[in-house]
Amino acid sequence: MRCFAILLAIVMVNASWLPPGQASSPPAISGYTQTTWVNSGWGSDAIALRRAKLMVSWNPSSFWSAGVQFFYAYNNGSVTDNRLWVKEVTVRRRLGAGWISLGQFKPEFGLEEITSDALLPTIERTQVSDHLAPDGGLRRSFKRDLGGQWQGHFSRGAWQLTLGMFSGNGALPESAAGNGPLFTARLVRQWRFRQGSRAQFGLSASTRHDHDIDFSGALPGTSALGTNRFRGQDTRWNLQAAADLGHWQARAEFTEAFFNGQGVRSIQARGWYIEGADRFTRRWEAVIRQESFIPRVGVDSPHDVGWTTAGVNWMINRQFDEVRFDYTVRREVPGSTGPNLLAIEVQHYW
């Protein structure tokens, strides 16, 4: 860990030899809203402002860029509802074949987790992405963390390497309890073909020492094992594969996490998903996804997830205005009472 910190410091100090990058540009403002209607059984409807985001970005020179993202949500049943948050603050500096980023943002891990919600083919991310991302399941972290990372491209963009070091406590709204540091690494190999087709394969990993952190939201049904005041080491790894072939798109990921606690039983969690989408016309897209999430491997639990989601998306215009229709069939397990879900989301850029 100490060697990683020294390396990151050397990289930042020696940033003066950076080559020219993109030209400077004035500050830019953009934003979008996602309004969702969800039916989880007859007579159980809910309309929510799922996300309202305002982004401010600035490239003051060819070597520097900065960004701030504001966030507001309403009626989602979340502790972050009805309040304006500063979700991300990032300052980036060009360094050789890549960039150093400092601030509050998502640690690079997996594929779906780091894809913008505005670009996903489904309304919801998978349960494994929500729960087993390094800061997933924390009540107010937004899956963000305070720290820095370097990301670079090699061999004409065929390889991408990202190394990160974060506080490990989650974003600023979380209570700091001396956890971390959190170390992350992600390596991706990309292939590009004719007519814009491409494929990629990647591996992600993270590790962190925990002094007092609440993982009970990430691992439902395990609070009695001490995950609500977890002390120990959590280590995660992820395999990802993706292909974009003409109007077809395919994604698949597998994630596994190990929670080795002090004075409590060690817990192993895992999950996966496979997803396919077809842009069968210029405006319409169909998607289907199968996913699984097991918060405690080896123990039958009503919190085990086996969901199938089918959806249709209507692309209104080129500004990413879109309407998504999703229907999710949730597998019944002993003790489970969760109904199937029908959801409609309207996304509007402004």
# chains A, B, ... in the order shown; residues from 1 in each chain; ligands from 1
>>> residues_around(residues="Asp210 (chain A)", least_positions_apart="6", cutoff="8 Å", atoms="only C-alpha atoms", output="list in words")
Gly178, Asn179, Gly180, Phe230, Arg231, Gly232, Gln233 and Asp234 of chain A
>>> write_last_selection(atoms="N, CA and C atoms", output="compact mmCIF listing (two decimals), in the first residue's frame")
# COMPACT_ATOMS: atom_id res chain seq x y z
N GLY A 178 -12.44 5.81 9.59
CA GLY A 178 -11.08 5.31 9.52
C GLY A 178 -10.90 4.08 8.67
N ASN A 179 -11.79 3.87 7.70
CA ASN A 179 -11.63 2.72 6.81
C ASN A 179 -10.61 3.04 5.71
N GLY A 180 -10.24 1.99 5.01
CA GLY A 180 -9.36 2.17 3.87
C GLY A 180 -7.89 2.22 4.25
N PHE A 230 -18.80 -3.73 10.28
CA PHE A 230 -17.80 -4.69 9.80
C PHE A 230 -16.38 -4.19 10.04
N ARG A 231 -15.55 -5.11 10.51
CA ARG A 231 -14.11 -4.88 10.67
C ARG A 231 -13.38 -6.03 10.00
N GLY A 232 -12.41 -5.70 9.18
CA GLY A 232 -11.67 -6.75 8.50
C GLY A 232 -11.21 -6.30 7.13
N GLN A 233 -11.25 -7.21 6.17
CA GLN A 233 -10.79 -6.93 4.80
C GLN A 233 -11.87 -7.33 3.83
N ASP A 234 -12.21 -6.44 2.89
CA ASP A 234 -13.09 -6.83 1.79
C ASP A 234 -12.32 -6.75 0.48
>>> select_by_dssp(residues="region 65-296 of chain A", states="strand (DSSP E or B)", output="ChimeraX atom specification")
/A:65-74,85-95,98-105,145-154,159-166,182-192,198-213,230-245,248-261,267-278,284-294
>>> closest_residue(among="A:Ser175, A:Gln195, A:Asp326, A:Ala97", to="Ser155 (chain A)", atoms="only C-alpha atoms")
A:Ala97
>>> select_by_dssp(residues="region 14-201 of chain A", states="alpha helix (DSSP H)", output="JSON, numbers by chain")
{"A": [127, 128, 129, 130, 131, 132]}
>>> write_last_selection(atoms="C-alpha atoms", output="mmCIF file, in the first residue's frame")
data_model
loop_
_atom_site.group_PDB
_atom_site.id
_atom_site.type_symbol
_atom_site.label_atom_id
_atom_site.label_comp_id
_atom_site.auth_asym_id
_atom_site.auth_seq_id
_atom_site.Cartn_x
_atom_site.Cartn_y
_atom_site.Cartn_z
ATOM 1 C CA GLN A 127 -28.359 -6.172 -8.400
ATOM 2 C CA VAL A 128 -24.780 -7.417 -8.516
ATOM 3 C CA SER A 129 -23.558 -4.033 -9.785
ATOM 4 C CA ASP A 130 -25.587 -2.188 -7.149
ATOM 5 C CA HIS A 131 -24.418 -4.352 -4.254
ATOM 6 C CA LEU A 132 -20.886 -5.525 -5.056
#
>>> residues_around(residues="region 290-298 of chain A", least_positions_apart="3", cutoff="8 Å", atoms="only C-alpha atoms", output="PyMOL selection string")
chain A and resi 126-128+218-222+267-275+301+303-309
>>> closest_residue(among="A:Gly67, A:Gly147, A:Gly276, A:Gly226", to="Met165 (chain A)", atoms="only C-alpha atoms")
A:Gly147
>>> closest_residue(among="A:Asn76, A:Asn340, A:Asn317, A:Ser65", to="Gln34 (chain A)", atoms="only C-alpha atoms")
A:Asn76
>>> residues_around(residues="Asn75 (chain A)", least_positions_apart="5", cutoff="10 Å", atoms="only C-alpha atoms", output="PyMOL selection string")
chain A and resi 46-50+80-82
>>> write_last_selection(atoms="N, CA and C atoms", output="PDB file, in the first residue's frame")
ATOM      1  N   ALA A  46     -46.166   3.919  -8.168  1.00  0.00           N
ATOM      2  CA  ALA A  46     -45.338   4.999  -7.627  1.00  0.00           C
ATOM      3  C   ALA A  46     -44.726   5.776  -8.767  1.00  0.00           C
ATOM      4  N   ILE A  47     -44.799   7.094  -8.679  1.00  0.00           N
ATOM      5  CA  ILE A  47     -44.143   7.984  -9.640  1.00  0.00           C
ATOM      6  C   ILE A  47     -43.046   8.725  -8.895  1.00  0.00           C
ATOM      7  N   ALA A  48     -41.861   8.734  -9.469  1.00  0.00           N
ATOM      8  CA  ALA A  48     -40.721   9.334  -8.779  1.00  0.00           C
ATOM      9  C   ALA A  48     -39.847  10.092  -9.756  1.00  0.00           C
ATOM     10  N   LEU A  49     -39.233  11.153  -9.257  1.00  0.00           N
ATOM     11  CA  LEU A  49     -38.150  11.794  -9.988  1.00  0.00           C
ATOM     12  C   LEU A  49     -36.894  11.009  -9.629  1.00  0.00           C
ATOM     13  N   ARG A  50     -36.547  10.087 -10.487  1.00  0.00           N
ATOM     14  CA  ARG A  50     -35.449   9.181 -10.171  1.00  0.00           C
ATOM     15  C   ARG A  50     -34.116   9.935 -10.090  1.00  0.00           C
ATOM     16  N   THR A  80     -31.449   9.663   0.391  1.00  0.00           N
ATOM     17  CA  THR A  80     -30.927  10.813  -0.352  1.00  0.00           C
ATOM     18  C   THR A  80     -32.030  11.636  -1.014  1.00  0.00           C
ATOM     19  N   ASP A  81     -33.309  11.269  -0.795  1.00  0.00           N
ATOM     20  CA  ASP A  81     -34.422  11.997  -1.403  1.00  0.00           C
ATOM     21  C   ASP A  81     -34.534  13.423  -0.851  1.00  0.00           C
ATOM     22  N   ASN A  82     -35.130  14.294  -1.694  1.00  0.00           N
ATOM     23  CA  ASN A  82     -35.578  15.628  -1.284  1.00  0.00           C
ATOM     24  C   ASN A  82     -34.445  16.518  -0.768  1.00  0.00           C
TER      25      ASN A  82
END
>>> atom_distance(atom1="CA of Pro60 (chain A)", atom2="CA of Ser25 (chain A)")
6.2 Å
>>> closest_atom_pairs(of="region 34-126 of chain A", to="region 246-264 of chain A", cutoff="9 Å", atoms="only C-alpha atoms", output="CSV")
residue,atom,partner,partner_atom,distance
A:Gly110,CA,A:Glu253,CA,7.5
A:Leu111,CA,A:Glu253,CA,7.8
A:Glu112,CA,A:Glu253,CA,8.4
>>> closest_residue(among="A:Arg208, A:Arg198, A:Arg51, A:Arg144", to="Val346 (chain A)", atoms="only C-alpha atoms")
A:Arg51
>>> residues_around(residues="Thr115 (chain A)", least_positions_apart="4", cutoff="12 Å", atoms="only C-alpha atoms", output="CSV table (one decimal) with N, CA and C atoms, in the first residue's frame")
chain,number,residue,atom,x,y,z
A,106,LYS,N,-16.7,7.8,-9.0
A,106,LYS,CA,-16.8,6.4,-8.9
A,106,LYS,C,-15.4,5.7,-9.1
A,107,PRO,N,-15.0,4.9,-8.2
A,107,PRO,CA,-13.8,4.0,-8.6
A,107,PRO,C,-14.1,3.1,-9.8
A,108,GLU,N,-13.2,3.0,-10.7
A,108,GLU,CA,-13.3,2.2,-11.9
A,108,GLU,C,-13.4,0.7,-11.4
A,109,PHE,N,-14.5,0.1,-11.7
A,109,PHE,CA,-14.7,-1.3,-11.4
A,109,PHE,C,-15.8,-1.9,-12.2
A,110,GLY,N,-15.6,-2.9,-13.0
A,110,GLY,CA,-16.6,-3.5,-13.8
A,110,GLY,C,-16.9,-2.7,-15.1
A,111,LEU,N,-18.0,-2.9,-15.7
A,111,LEU,CA,-18.4,-2.2,-16.9
A,111,LEU,C,-19.8,-1.5,-16.7
A,119,LEU,N,-27.1,6.1,-20.5
A,119,LEU,CA,-26.8,5.3,-21.7
A,119,LEU,C,-27.1,3.8,-21.5
A,120,LEU,N,-27.6,3.4,-20.3
A,120,LEU,CA,-28.0,2.0,-20.1
A,120,LEU,C,-29.2,1.6,-20.9
A,121,PRO,N,-29.3,0.3,-21.4
A,121,PRO,CA,-30.5,-0.1,-22.1
A,121,PRO,C,-31.7,-0.4,-21.2
A,122,THR,N,-31.4,-0.5,-19.9
A,122,THR,CA,-32.5,-0.9,-19.0
A,122,THR,C,-32.6,0.3,-17.9
A,124,GLU,N,-33.0,0.0,-14.6
A,124,GLU,CA,-32.2,-0.3,-13.4
A,124,GLU,C,-30.9,-1.0,-13.8
A,125,ARG,N,-29.9,-0.7,-13.0
A,125,ARG,CA,-28.7,-1.6,-13.0
A,125,ARG,C,-29.0,-2.9,-12.4
A,129,SER,N,-24.3,-5.3,-9.6
A,129,SER,CA,-23.6,-4.0,-9.8
A,129,SER,C,-23.9,-3.1,-8.6
A,251,ARG,N,-23.6,-7.8,-23.4
A,251,ARG,CA,-22.8,-7.5,-22.2
A,251,ARG,C,-22.9,-8.7,-21.2
>>> atom_distance(atom1="CA of Pro27 (chain A)", atom2="CA of Asp117 (chain A)")
23.1 Å
>>> residues_around(residues="Asn39 (chain A)", least_positions_apart="6", cutoff="7 Å", atoms="only C-alpha atoms", output="VMD selection string")
chain A and resid 45 to 46 341 to 343
>>> write_last_selection(atoms="C-alpha atoms", output="PDB file, in the first residue's frame")
ATOM      1  CA  ASP A  45     -48.066   2.434  -8.227  1.00  0.00           C
ATOM      2  CA  ALA A  46     -45.338   4.999  -7.627  1.00  0.00           C
ATOM      3  CA  LEU A 341     -42.199  -5.181 -11.695  1.00  0.00           C
ATOM      4  CA  LEU A 342     -43.446  -3.042 -14.576  1.00  0.00           C
ATOM      5  CA  ALA A 343     -41.581   0.244 -15.008  1.00  0.00           C
TER       6      ALA A 343
END
>>> closest_residue(among="A:Thr281, A:Ala171, A:Gly96, A:Thr207", to="His153 (chain A)", atoms="only C-alpha atoms")
A:Gly96
